[in-house]
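Enquirer: I'm passing along target35.txt; it holds compact mmCIF, C-alpha atoms.
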# COMPACT_ATOMS: atom_id res chain seq x y z
CA MET K 29 96.48 112.24 147.49
CA ASP K 30 99.79 112.12 145.67
CA THR K 31 98.18 110.05 142.95
CA VAL K 32 95.45 112.66 142.43
CA LYS K 33 98.04 115.42 142.29
CA THR K 34 100.06 113.53 139.70
CA LYS K 35 96.97 112.89 137.61
CA ASN K 36 96.04 116.59 137.62
CA THR K 37 99.51 117.58 136.59
CA LYS K 38 99.45 115.11 133.72
CA SER K 39 96.04 116.35 132.60
CA GLU K 40 97.23 119.96 132.56
CA GLN K 41 100.27 118.94 130.59
CA LYS K 42 98.17 117.10 127.99
CA ASN K 43 95.89 120.07 127.50
CA SER K 44 98.69 122.57 127.30
CA LEU K 45 99.67 124.58 124.26
CA ASP K 46 102.58 122.17 123.84
CA ASN K 47 100.32 119.48 122.40
CA PRO K 48 101.74 119.14 118.87
CA PHE K 49 98.52 117.70 117.46
CA ILE K 50 96.45 120.60 118.76
CA LYS K 51 99.01 122.99 117.30
CA LEU K 52 98.78 121.12 114.00
CA ILE K 53 94.98 121.44 113.98
CA LYS K 54 95.23 125.15 114.74
CA ASP K 55 97.91 125.62 112.09
CA LYS K 56 95.68 123.88 109.57
CA LYS K 57 92.81 126.24 110.39
CA LYS K 58 95.10 129.26 109.92
CA ILE K 59 96.38 127.87 106.61
CA ASN K 60 92.88 127.09 105.35
CA ALA K 61 91.69 130.57 106.29
CA ALA K 62 94.61 132.13 104.42
CA ILE K 63 93.91 130.02 101.33
CA LYS K 64 90.20 130.86 101.38
CA SER K 65 90.98 134.56 101.57
CA GLY K 66 93.62 134.37 98.85
CA LYS K 67 96.57 135.25 101.07
CA SER K 68 100.04 133.84 100.55
CA LEU K 69 100.98 131.15 103.04
CA SER K 70 104.21 133.06 103.60
CA LYS K 71 102.06 135.49 105.62
CA VAL K 72 100.85 132.76 108.00
CA LYS K 73 102.70 133.21 111.26
CA GLY K 74 103.89 130.49 113.58
CA VAL K 75 103.89 127.67 111.01
CA LYS K 76 107.16 126.12 109.91
CA PHE K 77 106.62 125.20 106.26
CA VAL K 78 109.09 122.90 104.57
CA LYS K 79 110.12 122.94 100.93
CA ALA K 80 109.90 119.18 100.64
CA ILE K 81 109.81 118.67 96.88
CA MET X 213 97.99 107.24 81.25
CA SER X 214 94.73 108.73 79.99
CA ASN X 215 94.10 112.44 80.21
CA LEU X 216 91.33 111.76 82.75
CA SER X 217 93.82 110.56 85.36
CA LYS X 218 96.85 112.60 84.33
CA PRO X 219 98.10 114.70 87.26
CA TYR X 220 97.83 118.45 86.92
CA ASP X 221 101.13 120.29 86.78
CA PHE X 222 101.81 121.89 90.11
CA ILE X 223 104.00 124.88 90.85
CA SER X 224 105.96 125.70 93.95
CA ALA X 225 105.47 129.06 95.61
CA VAL X 226 108.43 131.44 95.30
CA GLU X 227 109.16 131.13 99.00
CA GLY X 228 108.77 127.36 98.71
CA GLN X 229 106.14 126.99 101.40
CA ASP X 230 103.41 125.45 99.24
CA TYR X 231 102.51 123.73 95.97
CA GLN X 232 99.61 124.85 93.83
CA PHE X 233 97.61 123.52 90.95
CA THR X 234 94.44 124.63 89.22
CA THR X 235 91.84 122.20 87.97
CA GLN X 236 90.07 122.31 84.65
CA SER X 237 87.04 123.85 86.36
CA GLY X 238 89.17 126.59 87.87
CA ASP X 239 89.40 125.33 91.44
CA LYS X 240 92.75 126.20 92.99
CA TYR X 241 94.38 123.60 95.22
CA THR X 242 97.20 124.30 97.63
CA ALA X 243 99.29 121.59 99.28
CA TRP X 244 101.93 122.03 101.94
CA PHE X 245 104.33 120.26 104.28
CA THR X 246 105.22 121.35 107.80
CA GLU X 247 107.61 120.02 110.40
CA PHE X 248 106.30 117.65 113.03
CA PHE X 249 108.20 115.86 115.77
CA LEU X 250 107.23 112.39 116.96
CA GLN X 251 108.22 111.33 120.45
CA THR X 252 109.72 107.96 121.13
CA GLN X 253 109.50 105.81 124.22
CA ASP X 254 113.23 106.26 124.73
CA GLN X 255 112.71 110.04 124.82
CA ASN X 256 114.03 110.89 121.39
CA GLU X 257 112.35 113.13 118.86
CA LEU X 258 111.93 112.14 115.22
CA LEU X 259 111.35 114.80 112.60
CA ILE X 260 108.65 113.89 110.10
CA TYR X 261 106.50 115.99 107.78
CA SER X 262 102.87 116.84 108.15
CA PHE X 263 101.04 117.04 104.84
CA GLY X 264 97.91 118.99 104.08
CA PHE X 265 95.96 120.36 101.18
CA GLU X 266 93.02 122.67 100.72
CA CYS X 267 90.83 123.79 97.85
CA SER X 268 89.70 127.28 97.03
CA ARG X 269 86.60 126.79 94.86
CA ASN X 270 86.13 128.73 91.67
CA SER X 271 82.36 128.53 92.04
CA THR X 272 79.75 126.57 93.93
CA GLU X 273 79.02 124.53 90.80
CA SER X 274 82.61 123.37 90.50
CA SER X 275 82.37 121.39 93.73
CA LEU X 276 79.83 119.10 92.09
CA ARG X 277 82.18 117.99 89.34
CA PHE X 278 84.13 114.78 89.87
CA ASP X 279 87.72 115.17 88.76
CA THR X 280 90.05 112.18 89.13
CA ARG X 281 93.03 114.35 88.19
CA ILE X 282 92.85 115.97 91.65
CA LYS X 283 93.48 112.60 93.26
CA ALA X 284 96.24 111.87 90.77
CA THR X 285 97.94 115.19 91.53
CA ILE X 286 97.85 114.75 95.31
CA GLN X 287 99.22 111.23 94.85
CA ASN X 288 101.92 112.64 92.60
CA ILE X 289 102.96 115.23 95.19
CA ILE X 290 103.30 112.52 97.84
CA ILE X 291 105.27 110.24 95.50
CA GLU X 292 107.58 113.14 94.59
CA PHE X 293 108.10 113.74 98.30
CA PHE X 294 109.26 110.17 98.85
CA LYS X 295 111.59 110.33 95.85
CA LYS X 296 113.39 113.13 97.65
CA HIS X 297 112.92 111.87 101.21
CA PRO X 298 112.94 108.03 101.08
CA ASN X 299 113.80 107.73 104.76
CA ASP X 300 111.23 110.20 106.04
CA ALA X 301 107.56 109.89 106.86
CA ILE X 302 104.38 111.82 106.18
CA LEU X 303 101.76 112.55 108.80
CA TYR X 304 98.21 113.29 107.67
CA ILE X 305 95.51 114.34 110.11
CA CYS X 306 91.77 114.88 109.81
CA SER X 307 90.12 116.84 112.56
CA SER X 308 86.39 117.13 112.98
CA ALA X 309 85.94 120.88 112.92
CA ASP X 310 83.27 120.65 110.22
CA GLY X 311 82.09 117.09 110.89
CA LYS X 312 83.73 115.74 107.73
CA ALA X 313 86.85 114.23 109.29
CA ARG X 314 85.73 110.64 108.75
CA ASN X 315 84.88 111.29 105.10
CA ARG X 316 88.25 112.92 104.50
CA HIS X 317 90.03 110.06 106.22
CA ILE X 318 88.23 107.49 104.06
CA THR X 319 88.93 109.43 100.88
CA PHE X 320 92.62 109.81 101.70
CA SER X 321 92.85 106.10 102.58
CA ASN X 322 91.26 105.14 99.28
CA TRP X 323 93.74 107.32 97.41
CA PHE X 324 96.60 105.77 99.34
CA ASN X 325 95.43 102.24 98.52
CA GLU X 326 96.23 102.97 94.88
CA PHE X 327 99.89 103.66 95.68
CA GLY X 328 100.91 100.02 95.38
CA ASN X 329 102.94 97.79 97.66
CA ASN X 330 105.93 100.01 98.32
CA PHE X 331 104.30 101.96 101.13
CA THR X 332 102.93 101.31 104.58
CA LYS X 333 100.16 103.42 106.09
CA CYS X 334 99.20 103.15 109.73
CA ASP X 335 96.00 104.74 110.97
CA SER X 336 94.77 105.98 114.30
CA GLN X 337 91.27 107.00 115.26
CA ILE X 338 90.88 108.43 118.70
CA GLN X 339 88.31 110.42 120.62
CA TYR X 340 89.73 113.66 121.95
CA GLU X 341 87.54 115.94 124.04
CA GLY X 342 84.45 114.43 122.43
CA ASN X 343 85.61 114.76 118.83
CA ASP X 344 86.96 112.19 116.41
CA PHE X 345 90.60 112.65 115.55
CA TYR X 346 92.00 110.68 112.62
CA SER X 347 95.68 110.50 111.78
CA SER X 348 97.84 108.44 109.46
CA ILE X 349 101.52 107.98 108.92
CA ILE X 350 102.93 106.95 105.53
CA ILE X 351 106.35 105.35 105.20
CA LEU X 352 108.23 103.57 102.46
CA ASN X 353 108.45 99.86 103.21
CA ASP X 354 112.23 99.83 102.92
CA ASN X 355 112.72 102.72 105.33
CA PRO X 356 115.29 101.34 107.82
CA GLN X 357 113.51 103.19 110.66
CA LYS X 358 110.04 101.99 109.66
CA ASP X 359 109.20 100.14 112.88
CA TYR X 360 110.75 102.87 115.04
CA LEU X 361 108.65 105.52 113.26
CA ILE X 362 105.45 103.50 113.58
CA ASP X 363 106.04 102.90 117.30
CA ALA X 364 106.75 106.61 117.77
CA PHE X 365 103.59 107.54 115.84
CA PHE X 366 101.32 105.53 118.15
CA PHE X 367 103.29 106.52 121.24
CA THR X 368 102.97 110.24 120.44
CA ILE X 369 99.24 109.96 119.79
CA GLU X 370 98.64 108.04 122.99
CA TYR X 371 100.79 110.45 124.99
CA TRP X 372 99.05 113.60 123.80
CA MET X 373 95.58 112.50 122.73
CA GLY X 374 94.93 109.47 124.93
CA GLU X 375 92.42 109.97 127.71
Can you turn what I pasted into structure tokens?
Expert:
Amino acid sequence: MDTVKTKNTKSEQKNSLDNPFIKLIKDKKKINAAIKSGKSLSKVKGVKFVKAI
Amino acid sequence: MSNLSKPYDFISAVEGQDYQFTTQSGDKYTAWFTEFFLQTQDQNELLIYSFGFECSRNSTESSLRFDTRIKATIQNIIIEFFKKHPNDAILYICSSADGKARNRHITFSNWFNEFGNNFTKCDSQIQYEGNDFYSSIIILNDNPQKDYLIDAFFFTIEYWMGE
């Protein structure tokens, strides 16, 4: 039973909002939507852009 | 370099959050970098940069035109990144929201293959909740943390996306 409980906990953790890849996919959708509608990316909330160049 | 493969000039947004260029046919491309943290097996976090780009088409006809300068410009942005950040890494992901993830991954890989021998790219393809998820990490070969970054890349994917 303990094993099952541990597995469930792990599964919940993997599907949580903390998953950085899922956040990245969602961020990309928000960015793409902003670009398609002609909005500045500075208006996209929750995404930490980096001035890398 | 011929005009056909000459990169377009790109401009940085005032706030510095993106880089834009416009093609000869009027399509507007936007590229960006965001923070991303890899996890390591020894429970450290490594800051790398996620890279993305998107096109806003000028017209439906413009999408039919083949323009090698787009590839050259994206390559140029990535090379400029590594000039400034030689010890960092770039993460590129392709999700399958529109069913074109594999095509994008192949295109990006082909573009990368033209970079030469100074870079390493590692790829991951994984099924996540029934969808294909492609990701790649790009690192300069002489990055002193190269192996550590590659290990962390695969560890982070397996941790979060492994089933």
Enquirer: Set the cut-off to 6 Å and count all atoms listed in the file: what are the residues of chain X that reach chain K? Output as a PyMOL selection string.
Expert: chain X and resi 228-229+245-246+268+293+372
Enquirer: May I have the selected residues written with C-alpha atoms, as a compact mmCIF listing (two decimals), keeping the file's coordinate frame?
Expert:
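New file selection_5.txt:
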# COMPACT_ATOMS: atom_id res chain seq x y z
CA GLY X 228 108.77 127.36 98.71
CA GLN X 229 106.14 126.99 101.40
CA PHE X 245 104.33 120.26 104.28
CA THR X 246 105.22 121.35 107.80
CA SER X 268 89.70 127.28 97.03
CA PHE X 293 108.10 113.74 98.30
CA TRP X 372 99.05 113.60 123.80
Enquirer: List the spatial neighbours of Gln357 in chain X as a ChimeraX atom specification - criterion: any atom at most 9 Å away, all atoms listed in the file, same-chain residues fewer than 5 positions off excluded.
Expert: /X:299-300,362
Enquirer: Kindly give the distance, in Å, that separates CA of Phe265 in chain X and CA of Ile305 in chain X, rounded to a single decimal.
Expert: 10.8 Å
Enquirer: Which residues are close to Trp323 in chain X, i.e. within 9 Å by only C-alpha atoms, leaving aside same-chain residues fewer than 3 positions away? Reply as a list of chain:residue names.
Expert: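 Those residues are X:Lys283, X:Ala284, X:Ile286, X:Gln287, X:Ile318, X:Thr319, X:Phe320, X:Glu326, X:Phe327.
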Enquirer: Ranking X:Pro219, X:Gly311, X:Gly328, X:Pro298 by minimum distance to Asp279 in chain X and counting all atoms listed in the file, which one comes first?
Expert: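 Comparing X:Pro219, X:Gly311, X:Gly328, X:Pro298 against Asp279 in chain X, the winner is X:Pro219.
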Enquirer: Step by step: start from the point (99.7, 109.1, 111.2) in the file's coordinates, keep every protein, DNA or RNA residue that has an atom no farther than 7 Å from it, count all atoms listed in the file, and write the set as a list in words.
Expert: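 All residues meeting the 7 Å criterion around (99.7, 109.1, 111.2) are Leu303, Tyr304, Ile305, Cys334, Asp335, Ser336, Ser347, Ser348, Ile349, Ile350 and Phe365 of chain X.
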Enquirer: Using only C-alpha atoms, which residue out of X:Ala301, X:Ala225, X:Ile338, X:Met373 lies closest to Leu259 in chain X?
Expert: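 Checking each candidate against Leu259 in chain X, we get X:Ala301 as the closest.
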Enquirer: Just to confirm, what's the straight-line distance from CA of Phe331 in chain X to CA of Asn353 in chain X in Å (one decimal)?
Expert: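 Straight-line distance from CA of Phe331 in chain X to CA of Asn353 in chain X works out to 5.1 Å.
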Enquirer: How far is it from CA of Lys358 in chain X to CA of Ser262 in chain X, in Å with one decimal?
Expert: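 Rounded to one decimal, the two atoms are 16.6 Å apart.
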Enquirer: Might I get the box with edges along x, y and z of the file that holds all atoms of range 301-310 of chain X listed there, padded by 6 Å on every side, given as centre and edge lengths in Å to one decimal, as lines of an AutoDock Vina configuration file?
Expert:
center_x = 95.4
center_y = 115.4
center_z = 109.6
size_x = 36.3
size_y = 23.0
size_z = 18.8
Enquirer: In the coordinate frame of the file, compute which residues have an atom within 10 Å of (100.9, 122.4, 93.6) when using only C-alpha atoms, and state them as a VMD selection string.
Expert: chain X and resid 220 to 225 230 to 234 240 to 244 265 285 to 286 288 to 289
Enquirer: Please produce an output containing C-alpha atoms for each residue in the selection, written as a compact mmCIF listing (two decimals), in the coordinates of the input.
Expert:
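And here's again38.txt as it stands now:
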# COMPACT_ATOMS: atom_id res chain seq x y z
CA TYR X 220 97.83 118.45 86.92
CA ASP X 221 101.13 120.29 86.78
CA PHE X 222 101.81 121.89 90.11
CA ILE X 223 104.00 124.88 90.85
CA SER X 224 105.96 125.70 93.95
CA ALA X 225 105.47 129.06 95.61
CA ASP X 230 103.41 125.45 99.24
CA TYR X 231 102.51 123.73 95.97
CA GLN X 232 99.61 124.85 93.83
CA PHE X 233 97.61 123.52 90.95
CA THR X 234 94.44 124.63 89.22
CA LYS X 240 92.75 126.20 92.99
CA TYR X 241 94.38 123.60 95.22
CA THR X 242 97.20 124.30 97.63
CA ALA X 243 99.29 121.59 99.28
CA TRP X 244 101.93 122.03 101.94
CA PHE X 265 95.96 120.36 101.18
CA THR X 285 97.94 115.19 91.53
CA ILE X 286 97.85 114.75 95.31
CA ASN X 288 101.92 112.64 92.60
CA ILE X 289 102.96 115.23 95.19
Enquirer: Could you check which of X:Lys218, X:His297, X:Arg281, X:Arg316 is closest to Tyr346 in chain X, using only C-alpha atoms?
Expert: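 Using only C-alpha atoms, the shortest distance to Tyr346 in chain X belongs to X:Arg316.
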Enquirer: From the options X:Leu361, X:Cys306, X:Phe366, X:Ser271, which residue's atoms come nearest to Asn256 in chain X, counting only C-alpha atoms?
Expert: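 Closest residue, counting only C-alpha atoms: X:Leu361.
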Enquirer: Just add N, CA and C atoms to range 59-71 of chain K and send it as an mmCIF file, keeping the file's coordinate frame.
Expert:
data_model
loop_
_atom_site.group_PDB
_atom_site.id
_atom_site.type_symbol
_atom_site.label_atom_id
_atom_site.label_comp_id
_atom_site.auth_asym_id
_atom_site.auth_seq_id
_atom_site.Cartn_x
_atom_site.Cartn_y
_atom_site.Cartn_z
ATOM 1 N N ILE K 59 96.003 128.051 108.021
ATOM 2 C CA ILE K 59 96.380 127.870 106.610
ATOM 3 C C ILE K 59 95.135 127.887 105.729
ATOM 4 N N ASN K 60 94.115 127.139 106.141
ATOM 5 C CA ASN K 60 92.880 127.090 105.350
ATOM 6 C C ASN K 60 92.238 128.468 105.226
ATOM 7 N N ALA K 61 92.267 129.223 106.322
ATOM 8 C CA ALA K 61 91.690 130.570 106.290
ATOM 9 C C ALA K 61 92.470 131.461 105.328
ATOM 10 N N ALA K 62 93.785 131.325 105.336
ATOM 11 C CA ALA K 62 94.610 132.130 104.420
ATOM 12 C C ALA K 62 94.318 131.775 102.970
ATOM 13 N N ILE K 63 94.190 130.471 102.706
ATOM 14 C CA ILE K 63 93.910 130.020 101.330
ATOM 15 C C ILE K 63 92.545 130.536 100.877
ATOM 16 N N LYS K 64 91.551 130.408 101.735
ATOM 17 C CA LYS K 64 90.200 130.860 101.380
ATOM 18 C C LYS K 64 90.151 132.347 101.085
ATOM 19 N N SER K 65 91.003 133.111 101.786
ATOM 20 C CA SER K 65 90.980 134.560 101.570
ATOM 21 C C SER K 65 92.029 135.008 100.549
ATOM 22 N N GLY K 66 92.686 134.042 99.935
ATOM 23 C CA GLY K 66 93.620 134.370 98.850
ATOM 24 C C GLY K 66 94.955 134.918 99.300
ATOM 25 N N LYS K 67 95.288 134.732 100.570
ATOM 26 C CA LYS K 67 96.570 135.250 101.070
ATOM 27 C C LYS K 67 97.676 134.233 100.843
ATOM 28 N N SER K 68 98.879 134.719 100.690
ATOM 29 C CA SER K 68 100.040 133.840 100.550
ATOM 30 C C SER K 68 100.300 133.131 101.881
ATOM 31 N N LEU K 69 100.676 131.875 101.799
ATOM 32 C CA LEU K 69 100.980 131.150 103.040
ATOM 33 C C LEU K 69 102.241 131.689 103.723
ATOM 34 N N SER K 70 103.023 132.457 102.982
ATOM 35 C CA SER K 70 104.210 133.060 103.600
ATOM 36 C C SER K 70 103.811 134.078 104.674
ATOM 37 N N LYS K 71 102.543 134.500 104.638
ATOM 38 C CA LYS K 71 102.060 135.490 105.620
ATOM 39 C C LYS K 71 101.505 134.805 106.879
#
